[in-house]
$ cat data27.cif   # mmCIF, C-alpha atoms
data_run
#
loop_
_atom_site.label_atom_id
_atom_site.label_comp_id
_atom_site.auth_asym_id
_atom_site.auth_seq_id
_atom_site.Cartn_x
_atom_site.Cartn_y
_atom_site.Cartn_z
CA MET J 8 61.04 96.21 94.27
CA ALA J 9 61.14 99.93 94.96
CA ALA J 10 64.22 102.10 94.48
CA SER J 11 66.93 101.77 97.09
CA PHE J 12 67.57 104.43 99.72
CA ARG J 13 71.26 104.56 98.75
CA PRO J 14 72.71 105.24 95.31
CA ALA J 15 71.88 102.34 93.02
CA ALA J 16 75.39 101.99 91.56
CA ASP J 17 77.56 99.37 93.22
CA ASP J 18 80.45 101.37 94.67
CA PRO J 19 83.67 99.33 94.91
CA GLU J 20 85.23 102.04 97.06
CA ASP J 21 82.62 101.63 99.81
CA TRP J 22 80.81 98.36 99.24
CA THR J 23 80.09 98.12 103.00
CA ALA J 24 77.83 101.22 103.08
CA PRO J 25 74.34 100.31 104.36
CA GLY J 26 71.62 100.13 101.76
CA ALA J 27 69.82 98.08 99.14
CA TYR J 28 71.66 98.14 95.82
CA PRO J 29 70.18 96.80 92.56
CA VAL J 30 72.86 94.63 90.94
CA ALA J 31 70.74 92.77 88.37
CA PRO J 32 67.07 92.73 87.39
CA GLY J 33 65.15 91.61 90.45
CA VAL J 34 68.25 91.29 92.67
CA LEU J 35 69.33 93.61 95.50
CA ARG J 36 72.70 93.52 97.27
CA ILE J 37 72.27 94.30 100.98
CA PRO J 38 75.51 94.73 102.96
CA LEU J 39 75.08 93.93 106.65
CA PRO J 40 77.58 94.89 109.39
CA LEU J 41 79.98 92.49 111.10
CA PRO J 42 81.36 92.94 114.64
CA ASN J 43 85.04 93.04 113.74
CA ASP J 44 87.63 95.20 112.01
CA GLY J 45 88.80 92.70 109.40
CA LEU J 46 85.70 92.06 107.33
CA ARG J 47 83.33 94.93 108.00
CA ALA J 48 80.28 93.62 106.14
CA VAL J 49 78.69 90.62 104.49
CA ASN J 50 76.54 90.85 101.37
CA VAL J 51 73.06 89.33 101.47
CA TYR J 52 71.23 89.10 98.15
CA ALA J 53 67.46 89.57 97.97
CA ILE J 54 65.86 87.99 94.90
CA ASP J 55 62.44 89.31 93.89
CA ASP J 56 60.20 86.26 93.52
CA GLY J 57 56.82 87.89 92.96
CA GLU J 58 54.93 88.27 96.22
CA ARG J 59 57.89 87.03 98.23
CA LEU J 60 61.68 87.30 98.44
CA VAL J 61 64.37 84.63 98.44
CA LEU J 62 67.51 85.63 100.34
CA VAL J 63 70.93 84.18 99.58
CA ASP J 64 72.74 84.21 102.94
CA SER J 65 71.40 86.09 105.94
CA GLY J 66 74.08 87.89 107.94
CA TRP J 67 75.22 87.56 111.55
CA ALA J 68 72.64 87.44 114.35
CA ILE J 69 73.67 90.69 115.97
CA PRO J 70 71.26 93.59 116.63
CA GLY J 71 72.93 95.86 114.08
CA GLY J 72 72.68 93.18 111.40
CA ARG J 73 68.97 92.64 111.84
CA GLU J 74 68.29 96.38 111.97
CA ALA J 75 70.24 96.97 108.76
CA LEU J 76 68.37 94.15 107.01
CA GLU J 77 64.98 95.48 108.13
CA LYS J 78 65.87 99.00 106.98
CA ALA J 79 67.09 97.82 103.57
CA LEU J 80 63.96 95.73 103.03
CA ALA J 81 61.73 98.61 104.11
CA ALA J 82 63.35 100.83 101.47
CA ALA J 83 62.25 98.24 98.92
CA ASP J 84 58.71 98.21 100.38
CA ARG J 85 59.36 94.82 101.92
CA SER J 86 59.73 93.35 105.41
CA LEU J 87 61.15 90.28 107.11
CA GLY J 88 57.74 88.66 106.72
CA ASP J 89 58.11 88.81 102.93
CA ILE J 90 61.09 86.42 102.97
CA ALA J 91 59.94 83.08 101.60
CA ARG J 92 63.18 81.23 102.37
CA PHE J 93 66.90 81.56 103.02
CA LEU J 94 69.42 79.83 100.77
CA VAL J 95 72.68 79.79 102.75
CA THR J 96 76.04 79.21 101.09
CA HIS J 97 77.80 77.86 104.19
CA LEU J 98 77.72 77.44 107.94
CA HIS J 99 79.85 80.38 109.10
CA ARG J 100 77.91 82.57 111.50
CA ASP J 101 78.06 85.71 109.31
CA HIS J 102 76.05 83.77 106.71
CA TYR J 103 73.83 81.43 108.72
CA SER J 104 73.01 82.68 112.19
CA LEU J 105 70.59 85.52 111.38
CA ALA J 106 68.52 83.15 109.24
CA ILE J 107 68.12 80.84 112.24
CA ALA J 108 67.16 83.78 114.49
CA ILE J 109 64.52 84.97 112.02
CA ARG J 110 63.20 81.42 111.56
CA ARG J 111 62.76 81.11 115.31
CA GLU J 112 60.51 84.17 115.24
CA LEU J 113 58.75 83.92 111.87
CA GLY J 114 59.15 80.31 110.77
CA THR J 115 61.07 81.21 107.59
CA PRO J 116 62.57 78.03 106.06
CA VAL J 117 66.38 77.77 105.89
CA SER J 118 68.39 75.66 103.43
CA LEU J 119 72.08 74.75 103.80
CA GLY J 120 74.56 72.54 101.94
CA ALA J 121 74.43 68.90 103.07
CA GLY J 122 78.20 68.82 103.47
CA GLU J 123 77.95 71.13 106.50
CA GLU J 124 76.18 68.47 108.61
CA PRO J 125 79.37 67.14 110.32
CA SER J 126 80.43 70.64 111.41
CA LEU J 127 76.93 71.57 112.51
CA ARG J 128 76.70 68.40 114.59
CA ILE J 129 79.90 69.42 116.42
CA VAL J 130 78.94 73.03 117.15
CA GLN J 131 75.53 71.95 118.48
CA GLN J 132 77.23 70.04 121.28
CA PRO J 133 76.74 72.13 124.45
CA ASP J 134 80.28 71.51 125.71
CA HIS J 135 81.99 72.24 122.37
CA PRO J 136 84.92 74.64 123.00
CA PRO J 137 85.19 77.23 120.19
CA LEU J 138 88.15 76.86 117.80
CA GLU J 139 89.28 73.62 119.42
CA PRO J 140 89.84 71.73 116.12
CA GLN J 141 92.05 74.56 114.87
CA LEU J 142 93.96 74.66 118.17
CA GLN J 143 94.60 70.92 117.98
CA GLN J 144 95.98 71.45 114.46
CA LEU J 145 98.20 74.27 115.68
CA VAL J 146 99.77 71.99 118.29
CA HIS J 147 100.82 69.58 115.54
CA TYR J 148 102.01 72.55 113.50
CA GLY J 149 104.39 73.69 116.27
CA ALA J 150 102.48 76.87 117.24
CA THR J 151 102.23 76.06 120.94
CA ASP J 152 102.73 79.66 122.10
CA LEU J 153 99.89 80.81 119.86
CA VAL J 154 97.66 78.01 121.18
CA ALA J 155 98.31 79.07 124.78
CA HIS J 156 97.51 82.70 123.93
CA ILE J 157 94.24 81.85 122.19
CA ARG J 158 93.11 79.47 124.93
CA ALA J 159 93.76 82.14 127.56
CA ALA J 160 91.79 84.70 125.56
CA ARG J 161 88.97 82.20 125.07
CA ALA J 162 88.77 81.51 128.81
CA ALA J 163 88.63 85.23 129.61
CA ALA J 164 86.00 86.07 127.00
CA PRO J 165 82.34 86.33 128.02
CA PRO J 166 80.20 83.47 126.72
CA HIS J 167 78.81 84.09 123.24
CA HIS J 168 75.72 82.06 122.46
CA LEU J 169 74.48 81.35 118.96
CA ASP J 170 71.63 79.07 118.06
CA TRP J 171 73.28 76.46 115.84
CA ALA J 172 70.01 74.79 114.90
CA SER J 173 69.74 72.49 111.90
CA PRO J 174 68.31 73.77 108.60
CA ASP J 175 64.90 72.83 107.27
CA GLN J 176 66.48 71.46 104.09
CA TRP J 177 69.88 70.02 103.26
CA LEU J 178 70.90 71.18 99.78
CA THR J 179 72.42 68.75 97.29
CA PRO J 180 73.40 69.34 93.64
CA GLY J 181 70.35 70.17 91.58
CA THR J 182 68.06 73.07 90.78
CA VAL J 183 66.11 75.38 93.06
CA ALA J 184 63.14 76.58 91.00
CA LEU J 185 61.77 79.94 92.10
CA GLU J 186 58.20 81.10 91.60
CA ARG J 187 58.91 83.64 88.85
CA GLY J 188 60.78 81.23 86.61
CA ARG J 189 64.31 81.91 87.86
CA ASN J 190 66.24 78.68 88.35
CA LEU J 191 69.28 78.47 90.61
CA GLU J 192 71.70 75.58 90.14
CA VAL J 193 73.12 74.35 93.44
CA ILE J 194 76.82 73.54 93.01
CA GLU J 195 78.90 71.99 95.78
CA THR J 196 82.15 73.94 96.21
CA PRO J 197 84.09 72.50 99.18
CA GLY J 198 87.24 74.27 100.30
CA HIS J 199 86.35 77.33 102.34
CA THR J 200 84.13 74.88 104.23
CA ARG J 201 83.39 71.26 103.38
CA GLY J 202 79.71 71.97 102.66
CA HIS J 203 80.00 75.30 100.86
CA VAL J 204 77.63 75.71 97.92
CA VAL J 205 77.16 78.40 95.28
CA PHE J 206 74.02 79.23 93.32
CA PHE J 207 74.32 79.73 89.56
CA ASP J 208 71.59 81.64 87.76
CA HIS J 209 72.11 80.53 84.15
CA GLY J 210 69.31 82.70 82.79
CA GLY J 211 70.53 85.86 84.51
CA GLY J 212 74.26 85.16 84.13
CA LEU J 213 74.82 85.48 87.87
CA LEU J 214 76.90 83.52 90.39
CA PHE J 215 75.84 83.89 94.03
CA ALA J 216 79.31 82.91 95.20
CA GLY J 217 79.28 83.14 98.99
CA ASP J 218 82.91 82.97 100.15
CA HIS J 219 84.03 80.62 97.37
CA VAL J 220 85.11 83.38 94.98
CA LEU J 221 85.83 86.78 96.53
CA PRO J 222 86.86 89.78 94.38
CA THR J 223 89.61 91.37 96.48
CA ILE J 224 90.74 88.81 99.08
CA THR J 225 91.48 85.08 99.12
CA PRO J 226 89.04 82.96 101.16
CA SER J 227 90.34 81.17 104.22
CA ILE J 228 90.64 77.43 103.61
CA GLY J 229 89.17 74.72 105.81
CA PHE J 230 88.42 76.92 108.83
CA GLU J 231 85.60 74.82 110.27
CA PRO J 232 84.83 72.47 113.18
CA ALA J 233 84.95 69.24 111.15
CA VAL J 234 88.47 69.41 109.76
CA VAL J 235 89.11 67.88 106.32
CA PRO J 236 92.43 66.31 105.22
CA ASP J 237 93.13 68.41 102.09
CA PRO J 238 91.08 71.65 102.08
CA LEU J 239 93.29 73.42 99.53
CA GLY J 240 93.05 70.53 97.08
CA ALA J 241 89.26 70.61 97.52
CA PHE J 242 89.17 74.38 97.02
CA LEU J 243 91.23 74.30 93.82
CA GLY J 244 89.06 71.47 92.52
CA SER J 245 85.95 73.53 93.24
CA LEU J 246 87.42 76.54 91.44
CA ALA J 247 88.09 74.34 88.41
CA LYS J 248 84.49 73.09 88.50
CA VAL J 249 83.05 76.62 88.53
CA ARG J 250 85.55 77.77 85.88
CA GLN J 251 84.00 75.27 83.48
CA LEU J 252 80.63 77.04 83.70
CA PRO J 253 79.79 79.98 81.42
CA ASP J 254 81.28 83.22 82.68
CA ALA J 255 78.95 85.27 84.86
CA THR J 256 78.68 88.33 87.04
CA LEU J 257 80.28 87.65 90.42
CA LEU J 258 77.98 88.32 93.39
CA PRO J 259 80.34 87.77 96.33
CA ALA J 260 79.64 87.65 100.05
CA HIS J 261 82.42 90.14 100.80
CA GLY J 262 83.43 92.92 98.42
CA PRO J 263 81.85 94.68 95.45
CA VAL J 264 80.10 92.97 92.56
CA ALA J 265 82.60 92.05 89.80
CA PRO J 266 81.95 91.53 86.08
CA SER J 267 83.73 88.19 85.55
CA VAL J 268 83.81 85.04 87.67
CA HIS J 269 86.37 83.50 85.30
CA ARG J 270 88.82 86.38 85.65
CA ARG J 271 88.78 86.21 89.43
CA ILE J 272 89.11 82.41 89.50
CA ASP J 273 92.17 82.67 87.28
CA GLU J 274 93.67 85.18 89.72
CA LEU J 275 92.96 82.93 92.71
CA VAL J 276 94.51 79.90 91.02
CA GLU J 277 97.59 81.95 90.12
CA HIS J 278 97.85 83.22 93.70
CA HIS J 279 97.80 79.73 95.17
CA GLY J 280 100.29 78.53 92.59
CA ARG J 281 102.70 81.23 93.73
CA ARG J 282 101.98 80.41 97.37
CA LEU J 283 102.76 76.76 96.81
CA ASP J 284 106.09 77.73 95.23
CA GLN J 285 106.89 80.09 98.13
CA THR J 286 105.97 77.41 100.68
CA GLU J 287 108.16 74.82 98.96
CA ALA J 288 111.02 77.34 98.84
CA ALA J 289 110.71 77.94 102.60
CA VAL J 290 111.06 74.21 103.26
CA THR J 291 114.05 74.02 100.91
CA ALA J 292 115.60 76.92 102.84
CA GLY J 293 115.35 74.97 106.10
CA ALA J 294 111.97 75.74 107.67
CA ASP J 295 110.82 72.31 108.86
CA THR J 296 107.55 72.91 110.75
CA VAL J 297 104.33 74.56 109.65
CA VAL J 298 104.78 77.53 111.96
CA ALA J 299 108.41 77.97 110.84
CA VAL J 300 107.29 78.01 107.20
CA ALA J 301 104.49 80.50 107.98
CA ALA J 302 107.05 82.76 109.68
CA ARG J 303 109.12 82.88 106.46
CA LEU J 304 106.13 83.89 104.33
CA ARG J 305 104.52 87.33 104.05
CA TRP J 306 100.88 87.99 104.78
CA THR J 307 98.20 90.34 103.44
CA ARG J 308 98.73 92.87 100.68
CA ARG J 309 100.96 94.78 103.09
CA GLU J 310 103.47 91.91 103.17
CA ARG J 311 103.36 91.59 106.93
CA HIS J 312 105.43 89.17 108.99
CA LEU J 313 103.52 86.51 110.89
CA ASP J 314 104.23 88.10 114.27
CA GLU J 315 102.75 91.40 113.03
CA LEU J 316 99.30 89.81 112.71
CA ASP J 317 96.79 89.61 115.56
CA PRO J 318 96.42 86.14 117.14
CA PHE J 319 93.27 85.21 115.21
CA ASN J 320 94.86 86.04 111.88
CA GLN J 321 98.07 84.27 112.93
CA MET J 322 95.91 81.18 113.44
CA LEU J 323 94.42 81.60 109.96
CA ALA J 324 97.89 82.08 108.47
CA VAL J 325 99.39 79.01 110.10
CA THR J 326 96.43 76.78 109.23
CA GLU J 327 96.55 78.01 105.63
CA THR J 328 100.26 77.21 105.51
CA GLY J 329 99.42 73.72 106.74
CA ALA J 330 96.92 73.35 103.89
CA HIS J 331 99.56 74.33 101.33
CA LEU J 332 102.07 71.88 102.81
CA THR J 333 99.47 69.10 102.70
CA LEU J 334 98.94 69.69 98.99
CA LEU J 335 102.70 69.87 98.37
CA CYS J 336 103.01 66.47 100.05
CA ALA J 337 100.31 65.06 97.77
CA GLN J 338 102.22 66.44 94.79
CA GLY J 339 105.48 64.85 96.00
CA ARG J 340 107.20 68.22 96.35
CA VAL J 341 107.81 67.93 100.12
CA VAL J 342 107.87 65.03 102.57
CA ARG J 343 106.21 65.00 106.00
CA VAL J 344 107.44 63.03 109.01
CA ASP J 345 105.71 63.22 112.40
CA ASP J 346 107.80 62.87 115.55
CA GLU J 347 106.70 60.89 118.61
CA ASP J 348 104.81 63.91 119.98
CA GLY J 349 102.84 64.39 116.79
CA LEU J 350 104.78 67.45 115.65
CA GLN J 351 104.87 67.59 111.87
CA HIS J 352 108.26 68.04 110.18
CA TYR J 353 108.82 68.73 106.47
CA THR J 354 111.77 68.17 104.19
CA PRO J 355 112.21 68.74 100.43
CA GLY J 356 110.71 66.00 98.25
#
$ encode --input "data27.cif" --output "C-alpha cells"
Amino acid sequence: MAASFRPAADDPEDWTAPGAYPVAPGVLRIPLPLPNDGLRAVNVYAIDDGERLVLVDSGWAIPGGREALEKALAAADRSLGDIARFLVTHLHRDHYSLAIAIRRELGTPVSLGAGEEPSLRIVQQPDHPPLEPQLQQLVHYGATDLVAHIRAARAAAPPHHLDWASPDQWLTPGTVALERGRNLEVIETPGHTRGHVVFFDHGGGLLFAGDHVLPTITPSIGFEPAVVPDPLGAFLGSLAKVRQLPDATLLPAHGPVAPSVHRRIDELVEHHGRRLDQTEAAVTAGADTVVAVAARLRWTRRERHLDELDPFNQMLAVTETGAHLTLLCAQGRVVRVDDEDGLQHYTPG
C-alpha cells in the first residue's frame, strides 16, 4: 500500500484524526467519524492481501464515514472496489452498518460472529422499538423516571433507518486464511455483545480486538437487543481466554494502538474487581435497588454522579451496575429478591 496522507506514526493524543496509518506491515488503521460526542471515531483496519484488501470492521453507515473511508483508501491507491471482504467483530452499528451499505452497492461479502444471530433477528423486525430490552431492564432496576425520559425522547426523534441485513457468513471459532499467507484466528469473546469475536494474527503478533479490549476506556457490557443473564461474567471469562494467548499488539476499535494486550487486560480485570467491591459496599451501606446502587457509585474518570450524566450514559451506568450485581449474586456476596412488581432488591450476602 502507498504511504498515508497523514503522519504514519500512531498519535495517542489525536487517534481520531482522519487518515490511513500504518500500524504493522501490511496493516493500516483508518479512523472513521461517529455522529456523537462520546466516542468520536471507530478504527477500521485494512489488511493488505495482495490484489485485494480485507477490512476488520467497517464503520457507521453515515455519509461522513463512507467519505472518510474512501479518502483513506485512495491515499493508499485503493478504492472500495478493492475490498475483498469485511470481517466484523460485532453487531453494533459503528462496526457493522457501513459494511452492509457497501455490500448492497458492490456485493462485498460480510462476515459476523454467529453469536450475534439472536440480536440481529430482533433488530430486523420492522416494529422493533430501539432500546426496548434495556428499558425493560431499567424498569426492574427501579429507574422508572429514566425510562420515561428515554421513551419520550425516542418518540420525538425522527426515524433512523439502518439496513440490519444478515451477513454472508456466520463466523465460528477457527482460522480465516488470507491470500498472502496471513492467518487470523477467530476467537469468540462474549461480554460486550454475546457474539463478539476478535481476530488474532499469530504470525504478526496482532490482536484485532474490536470493543473487547479498549486501551483507555472500559467497554459497555451486554448492551444489545438479545439480553444475556450474566454479561459481566461472560466478559471476564473472555478476558481470561485472551489473556492465555501470547501477548500481542493491541489494535482496538476505539483509541490508539497499544503495545500489550496482556497489560490492558490486567488493568480491565483490576478495574472490575474494584467495581465489584464498590458495588457490594453500596449494598452493605443500604442501597437496595440497582438504580440506588448506581447513584452511590462514581462514573467516568471525572468521578461524576449518576445524575450528572446524560440520559443515554445514565442508562449505560445503571445497566452496568445491574451486571455487577448479577455477578455478585453468583458469587454469593449479595442476595436478590424480586417484589411482586418485578422490582429487584438486594441485601448483603
$ closest_atom_pairs --input "data27.cif" --of "segment 28-118 of chain J" --to "segment 185-196 of chain J" --cutoff "12 Å" --atoms "all atoms listed in the file" --output "tab-separated table"
residue	atom	partner	partner_atom	distance
J:Pro32	CA	J:Arg189	CA	11.2
J:Gly33	CA	J:Arg189	CA	10.1
J:Val34	CA	J:Arg189	CA	11.3
J:Ile54	CA	J:Arg189	CA	9.4
J:Asp55	CA	J:Arg187	CA	8.4
J:Asp56	CA	J:Arg187	CA	5.5
J:Gly57	CA	J:Arg187	CA	6.3
J:Glu58	CA	J:Glu186	CA	9.1
J:Arg59	CA	J:Glu186	CA	8.9
J:Leu60	CA	J:Leu185	CA	9.7
J:Val61	CA	J:Leu185	CA	8.3
J:Leu62	CA	J:Leu185	CA	11.5
J:Val63	CA	J:Leu191	CA	10.8
J:Ala91	CA	J:Leu185	CA	10.2
J:Arg92	CA	J:Leu185	CA	10.4
J:Leu94	CA	J:Val193	CA	9.9
J:Val95	CA	J:Val193	CA	10.8
J:Thr96	CA	J:Glu195	CA	9.4
J:His97	CA	J:Thr196	CA	9.9
J:Ser118	CA	J:Val193	CA	11.1
$ residues_around --input "data27.cif" --residues "Glu327 of chain J" --least-positions-apart "3" --cutoff "10 Å" --atoms "all atoms listed in the file" --output "list in words"
Ser227, Ile228, Gly229, Phe230, Pro238, Leu239, Val297, Ala301, Gln321, Met322, Leu323, Ala324, Ala330, His331, Leu332 and Thr333 of chain J
$ residues_around --input "data27.cif" --residues "Gln251 of chain J" --least-positions-apart "5" --cutoff "12 Å" --atoms "only C-alpha atoms" --output "CSV table (one decimal) with C-alpha atoms, in the coordinates of the input"
chain,number,residue,atom,x,y,z
J,244,GLY,CA,89.1,71.5,92.5
J,245,SER,CA,86.0,73.5,93.2
J,246,LEU,CA,87.4,76.5,91.4
J,268,VAL,CA,83.8,85.0,87.7
J,269,HIS,CA,86.4,83.5,85.3
J,272,ILE,CA,89.1,82.4,89.5
J,273,ASP,CA,92.2,82.7,87.3
$ resolve_selection --input "data27.cif" --expression "the PyMOL selection byres ((chain J and resi 41-48) around 7)" --output "ChimeraX atom specification"
/J:23,38-40,49-50,67,261
$ axis_aligned_box --input "data27.cif" --around "segment 38-49 of chain J" --padding-each-side "6 Å" --output "AutoDock Vina command-line options"
--center_x 81.9 --center_y 92.9 --center_z 108.8 --size_x 25.7 --size_y 16.6 --size_z 23.7
$ closest_residue --input "data27.cif" --among "J:Arg73, J:His99, J:Arg111, J:His199" --to "Leu127 of chain J" --atoms "all atoms listed in the file"
J:His99
$ closest_residue --input "data27.cif" --among "J:Ser104, J:Asn320, J:Thr225, J:Ser86" --to "Glu277 of chain J" --atoms "all atoms listed in the file"
J:Thr225
$ closest_residue --input "data27.cif" --among "J:Val342, J:Val205, J:Leu213, J:Leu313" --to "Leu178 of chain J" --atoms "all atoms listed in the file"
J:Val205
$ atom_distance --input "data27.cif" --atom1 "atom CA of Leu98 of chain J" --atom2 "atom CA of His203 of chain J"
7.7 Å
$ residues_near_point --input "data27.cif" --point "(87.2, 86.3, 94.7)" --cutoff "9 Å" --atoms "all atoms listed in the file" --output "ChimeraX atom specification"
/J:216,218-226,257,259,261-262,265,268,271-272,274-275
$ resolve_selection --input "data27.cif" --expression "the PyMOL selection byres ((chain J and resi 141) around 8)" --output "list in words"
Leu138, Glu139, Pro140, Leu142, Gln143, Gln144, Leu145, Phe230, Glu231, Pro232, Met322 and Thr326 of chain J
$ atom_distance --input "data27.cif" --atom1 "atom CA of Leu304 of chain J" --atom2 "atom CA of Arg282 of chain J"
8.8 Å
$ residues_around --input "data27.cif" --residues "Arg340 of chain J" --least-positions-apart "5" --cutoff "10 Å" --atoms "all atoms listed in the file" --output "list in words"
Leu283, Asp284, Glu287, Val290, Leu332, Leu334, Leu335, Thr354, Pro355 and Gly356 of chain J
$ decode --input "data27.cif" --residues "segment 160-176 of chain J" --atoms "N, CA and C atoms" --output "PDB file, in the first residue's frame"
ATOM      1  N   ALA J 160     -38.048  10.843  24.578  1.00  0.00           N
ATOM      2  CA  ALA J 160     -37.061  11.283  23.591  1.00  0.00           C
ATOM      3  C   ALA J 160     -37.117  10.407  22.347  1.00  0.00           C
ATOM      4  N   ARG J 161     -37.331   9.106  22.532  1.00  0.00           N
ATOM      5  CA  ARG J 161     -37.419   8.191  21.395  1.00  0.00           C
ATOM      6  C   ARG J 161     -38.626   8.516  20.526  1.00  0.00           C
ATOM      7  N   ALA J 162     -39.751   8.844  21.159  1.00  0.00           N
ATOM      8  CA  ALA J 162     -40.957   9.165  20.400  1.00  0.00           C
ATOM      9  C   ALA J 162     -40.803  10.456  19.612  1.00  0.00           C
ATOM     10  N   ALA J 163     -40.032  11.403  20.158  1.00  0.00           N
ATOM     11  CA  ALA J 163     -39.864  12.696  19.492  1.00  0.00           C
ATOM     12  C   ALA J 163     -38.800  12.681  18.414  1.00  0.00           C
ATOM     13  N   ALA J 164     -37.942  11.671  18.429  1.00  0.00           N
ATOM     14  CA  ALA J 164     -36.824  11.640  17.479  1.00  0.00           C
ATOM     15  C   ALA J 164     -37.314  11.245  16.093  1.00  0.00           C
ATOM     16  N   PRO J 165     -36.701  11.807  15.043  1.00  0.00           N
ATOM     17  CA  PRO J 165     -37.053  11.383  13.688  1.00  0.00           C
ATOM     18  C   PRO J 165     -36.627   9.940  13.476  1.00  0.00           C
ATOM     19  N   PRO J 166     -37.348   9.213  12.631  1.00  0.00           N
ATOM     20  CA  PRO J 166     -36.976   7.807  12.401  1.00  0.00           C
ATOM     21  C   PRO J 166     -35.579   7.698  11.810  1.00  0.00           C
ATOM     22  N   HIS J 167     -34.836   6.716  12.298  1.00  0.00           N
ATOM     23  CA  HIS J 167     -33.467   6.496  11.825  1.00  0.00           C
ATOM     24  C   HIS J 167     -33.381   5.071  11.301  1.00  0.00           C
ATOM     25  N   HIS J 168     -33.271   4.943   9.982  1.00  0.00           N
ATOM     26  CA  HIS J 168     -33.311   3.620   9.371  1.00  0.00           C
ATOM     27  C   HIS J 168     -31.905   3.111   9.103  1.00  0.00           C
ATOM     28  N   LEU J 169     -31.647   1.891   9.523  1.00  0.00           N
ATOM     29  CA  LEU J 169     -30.426   1.182   9.152  1.00  0.00           C
ATOM     30  C   LEU J 169     -30.826  -0.163   8.574  1.00  0.00           C
ATOM     31  N   ASP J 170     -30.069  -0.609   7.590  1.00  0.00           N
ATOM     32  CA  ASP J 170     -30.323  -1.903   6.997  1.00  0.00           C
ATOM     33  C   ASP J 170     -29.637  -2.964   7.843  1.00  0.00           C
ATOM     34  N   TRP J 171     -30.425  -3.680   8.650  1.00  0.00           N
ATOM     35  CA  TRP J 171     -29.872  -4.706   9.522  1.00  0.00           C
ATOM     36  C   TRP J 171     -29.909  -6.064   8.838  1.00  0.00           C
ATOM     37  N   ALA J 172     -29.372  -6.129   7.634  1.00  0.00           N
ATOM     38  CA  ALA J 172     -29.378  -7.377   6.878  1.00  0.00           C
ATOM     39  C   ALA J 172     -28.423  -8.388   7.496  1.00  0.00           C
ATOM     40  N   SER J 173     -28.674  -9.656   7.208  1.00  0.00           N
ATOM     41  CA  SER J 173     -27.831 -10.740   7.715  1.00  0.00           C
ATOM     42  C   SER J 173     -26.491 -10.761   6.979  1.00  0.00           C
ATOM     43  N   PRO J 174     -25.450 -11.308   7.615  1.00  0.00           N
ATOM     44  CA  PRO J 174     -24.152 -11.418   6.948  1.00  0.00           C
ATOM     45  C   PRO J 174     -24.165 -12.525   5.900  1.00  0.00           C
ATOM     46  N   ASP J 175     -23.122 -12.560   5.104  1.00  0.00           N
ATOM     47  CA  ASP J 175     -22.954 -13.663   4.153  1.00  0.00           C
ATOM     48  C   ASP J 175     -22.416 -14.902   4.845  1.00  0.00           C
ATOM     49  N   GLN J 176     -21.678 -14.712   5.945  1.00  0.00           N
ATOM     50  CA  GLN J 176     -21.070 -15.828   6.654  1.00  0.00           C
ATOM     51  C   GLN J 176     -21.159 -15.584   8.152  1.00  0.00           C
TER      52      GLN J 176
END
